[in-house]
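These notes are about the structure you will find just below.
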Amino acid sequence: MNPHQSLFLLLVVAASSLGVTAAETRQYRSCAEAPAQSGVYTITVAATGTTFQAFCEQEKYGGGWLVFQNRYDGSVNFNRSWEHYKTGFGNLRQEFWLGLEKIHQVTAGAGEHDLLIVIENFTDYSAHEIYPGFRVENETEHYKLRLSADEHSFYGTAQDAFWVYRNDKFSTYDRINDISILGCAIVTGSGYWHYDCGTGYRTSNLNGQYSRTPLGGLRGLWWGTFGGQQHPLRKTKMMIRRPVT
């Protein structure tokens, strides 16, 4: 068996653990280059050589979106450690978090992206918001979030509940990096760019505990301008792509 065959087999084995078939191991530089059908594809970041499987949303919102968070039934626990959030968890065909390191590699290697956040509540009402200038720094910078400095750059139907997190470091229960003395990842029960634990109207907790009914404190899955903590979300999806010109 030659080295190329060995590498292919390693990719197939790794992919199978995430529910990916051998037919999906053809490599693309981005979701914009992947087939028009939504699904799991192998992405190789040209600037860094990083290769990984990702779910590409190709049939909605103009296509070409790399999904890095998907929630819809609460089957996956999102109150995870730093290492889990760094490398990713869940199943790419179900609920998952792609991994901070992969998000960093994509946005560092190919420039700034648009971030699309899609949310839906338990009455089947959905909305979305788009944030230009999305980038995630490296682990040394604690995967700091970058967004456009223009407060009026975001747009959509959900209204803003995320821009406040620009320039924030990521936090988990075992690595607190927020500005609060409370330990926001512990208080909210989620890994996130927490700022000050989400005490303002334009804040959110998209990696919070899944529940149909409101939870005490700041726990739960919610978007501040879309009902807030008293109106939990049923579905959330976070995805990125290069700006379409």
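Convention: chains lettered A, B, ... in structure tokens order; per-chain residue numbering from 1; ligands numbered from 1 as shown.
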Which residues come within 6 Å of stretch 159-168 of chain A, counting only C-alpha atoms, excluding same-chain residues fewer than 4 positions away, as a CSV table (one decimal) with C-alpha atoms, in the first residue's frame?
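File produced: part18.csv:
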```csv
chain,number,residue,atom,x,y,z
A,144,LYS,CA,-11.0,35.8,20.7
A,145,LEU,CA,-14.0,36.7,18.6
A,146,ARG,CA,-13.7,39.5,16.0
A,147,LEU,CA,-16.6,41.2,14.2
A,193,TRP,CA,-17.9,34.4,24.2
A,195,TYR,CA,-18.6,39.1,28.0
A,202,ARG,CA,-28.7,42.5,23.4
A,203,THR,CA,-27.0,39.4,24.6
A,204,SER,CA,-27.5,35.7,24.0
A,224,GLY,CA,-32.0,38.5,24.0
A,225,THR,CA,-34.0,40.4,21.3
```
What's around A:Trp222 at 6 Å? Count only C-alpha atoms, leave out sequence neighbours fewer than 5 positions away in its own chain, and write the answer as an MDAnalysis selection string. chainID A and resid 204:205 228:229 232:233
Output of the above residues as a PDB file, in the first residue's frame, restricted to N, CA, C and O atoms:
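The resulting file, out_24.pdb, is shown below:
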```
ATOM      1  N   SER A 204     -26.946  36.949  24.386  1.00  0.00           N
ATOM      2  CA  SER A 204     -27.512  35.653  24.013  1.00  0.00           C
ATOM      3  C   SER A 204     -26.754  34.528  24.704  1.00  0.00           C
ATOM      4  O   SER A 204     -25.741  34.754  25.358  1.00  0.00           O
ATOM      5  N   ASN A 205     -27.253  33.306  24.524  1.00  0.00           N
ATOM      6  CA  ASN A 205     -26.601  32.124  25.093  1.00  0.00           C
ATOM      7  C   ASN A 205     -26.889  30.933  24.179  1.00  0.00           C
ATOM      8  O   ASN A 205     -27.608  30.006  24.538  1.00  0.00           O
ATOM      9  N   GLY A 228     -35.741  36.577  24.692  1.00  0.00           N
ATOM     10  CA  GLY A 228     -34.864  36.471  25.851  1.00  0.00           C
ATOM     11  C   GLY A 228     -34.987  35.145  26.580  1.00  0.00           C
ATOM     12  O   GLY A 228     -35.431  34.131  26.027  1.00  0.00           O
ATOM     13  N   GLN A 229     -34.607  35.161  27.846  1.00  0.00           N
ATOM     14  CA  GLN A 229     -34.546  33.939  28.646  1.00  0.00           C
ATOM     15  C   GLN A 229     -35.914  33.311  28.882  1.00  0.00           C
ATOM     16  O   GLN A 229     -36.010  32.103  29.147  1.00  0.00           O
ATOM     17  N   PRO A 232     -37.382  30.283  25.371  1.00  0.00           N
ATOM     18  CA  PRO A 232     -36.259  29.455  24.889  1.00  0.00           C
ATOM     19  C   PRO A 232     -36.334  29.167  23.392  1.00  0.00           C
ATOM     20  O   PRO A 232     -37.412  29.156  22.787  1.00  0.00           O
ATOM     21  N   LEU A 233     -35.175  28.926  22.815  1.00  0.00           N
ATOM     22  CA  LEU A 233     -35.088  28.579  21.409  1.00  0.00           C
ATOM     23  C   LEU A 233     -35.145  27.065  21.219  1.00  0.00           C
ATOM     24  O   LEU A 233     -34.624  26.311  22.038  1.00  0.00           O
TER      25      LEU A 233
END
```
Computed gap from atom CA of A:Leu206 to atom CA of A:Met239 is 12.8 Å
Among stretch 5-243 of chain A, which ones does DSSP place in strand (DSSP E), written as number ranges by chain?
A: 27-28, 39-44, 51-57, 65-71, 89-90, 96-97, 113-121, 126-136, 145-146, 155-156, 204-205, 222-223, 233-241
Can you list, as a PDB file with C-alpha atoms, in the first residue's frame, every protein, DNA or RNA residue that comes within 12 Å of A:Ser180 when you count only C-alpha atoms, leaving out same-chain residues fewer than 2 positions away?
```pdb
ATOM      1  CA  ASP A 168     -14.277  38.712  23.694  1.00  0.00           C
ATOM      2  CA  SER A 171     -14.806  30.732  28.005  1.00  0.00           C
ATOM      3  CA  ILE A 176     -12.793  31.283  32.470  1.00  0.00           C
ATOM      4  CA  ASN A 177     -11.835  34.225  30.241  1.00  0.00           C
ATOM      5  CA  ASP A 178     -14.801  36.611  30.613  1.00  0.00           C
ATOM      6  CA  LEU A 182     -18.920  35.297  38.500  1.00  0.00           C
ATOM      7  CA  GLY A 183     -17.437  32.880  35.962  1.00  0.00           C
ATOM      8  CA  CYS A 184     -19.994  33.232  33.176  1.00  0.00           C
ATOM      9  CA  ALA A 185     -19.478  29.780  31.660  1.00  0.00           C
ATOM     10  CA  ILE A 186     -20.458  28.285  35.020  1.00  0.00           C
ATOM     11  CA  VAL A 187     -23.384  30.662  35.623  1.00  0.00           C
ATOM     12  CA  TRP A 193     -17.950  34.381  24.210  1.00  0.00           C
ATOM     13  CA  HIS A 194     -19.619  35.510  27.407  1.00  0.00           C
ATOM     14  CA  TYR A 195     -18.582  39.133  28.013  1.00  0.00           C
ATOM     15  CA  ASP A 196     -20.350  39.818  31.364  1.00  0.00           C
ATOM     16  CA  CYS A 197     -22.684  36.798  31.619  1.00  0.00           C
ATOM     17  CA  GLY A 198     -25.342  38.148  29.279  1.00  0.00           C
ATOM     18  CA  THR A 199     -26.988  40.651  31.598  1.00  0.00           C
TER      19      THR A 199
END
```
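Here atom CA of A:Thr42 stands at a distance of 21.7 Å from atom CA of A:Asn138.
Restricting the calculation to only C-alpha atoms, the smallest distance between A:Phe78 and any of A:Gln37, A:Gln58, A:Thr140, A:Gln209 is found for A:Gln209.
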Using DSSP on the backbone, list every residue of stretch 75-225 of chain A that comes out as alpha helix (DSSP H), and give them as an NGL selection string. :A and (82-87 or 100-109 or 184-188)
Leaving out A:Tyr173 and any residue of its chain fewer than 6 positions from it, which residues lie within 8 Å of it when counting only C-alpha atoms, given as a tab-separated table (two decimals) with all heavy atoms, in the first residue's frame?
```tsv
chain	number	residue	atom	x	y	z
A	79	ASN	N	-22.59	21.89	27.45
A	79	ASN	CA	-21.81	22.38	28.59
A	79	ASN	C	-20.54	21.53	28.68
A	79	ASN	O	-20.45	20.59	29.45
A	79	ASN	CB	-22.63	22.29	29.88
A	79	ASN	CG	-21.95	23.00	31.03
A	79	ASN	OD1	-21.02	23.80	30.84
A	79	ASN	ND2	-22.40	22.73	32.25
A	80	ARG	N	-19.56	21.88	27.86
A	80	ARG	CA	-18.37	21.06	27.66
A	80	ARG	C	-17.09	21.78	28.09
A	80	ARG	O	-17.08	22.98	28.32
A	80	ARG	CB	-18.25	20.69	26.18
A	80	ARG	CG	-19.44	19.94	25.60
A	80	ARG	CD	-19.33	18.46	25.87
A	80	ARG	NE	-20.36	17.71	25.18
A	80	ARG	CZ	-20.15	16.58	24.51
A	80	ARG	NH1	-18.92	16.08	24.43
A	80	ARG	NH2	-21.14	15.96	23.92
A	81	SER	N	-16.01	21.01	28.13
A	81	SER	CA	-14.71	21.54	28.52
A	81	SER	C	-14.08	22.33	27.39
A	81	SER	O	-14.52	22.30	26.24
A	81	SER	CB	-13.78	20.39	28.91
A	81	SER	OG	-13.45	19.62	27.76
A	82	TRP	N	-12.98	23.02	27.72
A	82	TRP	CA	-12.21	23.77	26.73
A	82	TRP	C	-11.73	22.87	25.59
A	82	TRP	O	-11.83	23.22	24.43
A	82	TRP	CB	-11.01	24.42	27.41
A	82	TRP	CG	-10.15	25.23	26.49
A	82	TRP	CD1	-9.05	24.81	25.80
A	82	TRP	CD2	-10.34	26.61	26.13
A	82	TRP	NE1	-8.53	25.84	25.05
A	82	TRP	CE2	-9.29	26.95	25.23
A	82	TRP	CE3	-11.27	27.59	26.50
A	82	TRP	CZ2	-9.18	28.23	24.70
A	82	TRP	CZ3	-11.14	28.85	25.97
A	82	TRP	CH2	-10.11	29.17	25.08
A	183	GLY	N	-17.74	34.08	36.74
A	183	GLY	CA	-17.44	32.88	35.96
A	183	GLY	C	-18.63	32.56	35.08
A	183	GLY	O	-19.42	31.66	35.38
A	185	ALA	N	-19.25	31.11	32.22
A	185	ALA	CA	-19.48	29.78	31.66
A	185	ALA	C	-20.13	28.86	32.68
A	185	ALA	O	-20.90	27.96	32.32
A	185	ALA	CB	-18.16	29.18	31.17
A	186	ILE	N	-19.84	29.08	33.95
A	186	ILE	CA	-20.46	28.29	35.02
A	186	ILE	C	-21.88	28.76	35.28
A	186	ILE	O	-22.82	27.97	35.40
A	186	ILE	CB	-19.61	28.37	36.30
A	186	ILE	CG1	-18.23	27.77	36.05
A	186	ILE	CG2	-20.31	27.66	37.46
A	186	ILE	CD1	-17.26	27.94	37.20
A	189	GLY	N	-23.93	27.92	32.15
A	189	GLY	CA	-23.89	26.52	31.76
A	189	GLY	C	-23.55	26.30	30.31
A	189	GLY	O	-24.09	25.40	29.65
A	190	SER	N	-22.61	27.11	29.79
A	190	SER	CA	-22.27	26.96	28.38
A	190	SER	C	-20.89	27.52	28.08
A	190	SER	O	-20.43	28.46	28.73
A	190	SER	CB	-23.29	27.71	27.50
A	190	SER	OG	-23.16	29.12	27.65
A	191	GLY	N	-20.24	26.95	27.06
A	191	GLY	CA	-19.05	27.55	26.49
A	191	GLY	C	-19.48	28.60	25.49
A	191	GLY	O	-20.34	28.32	24.64
```
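Coordinates place atom CA of A:Phe68 at a distance of 12.7 Å from atom CA of A:Asp114.
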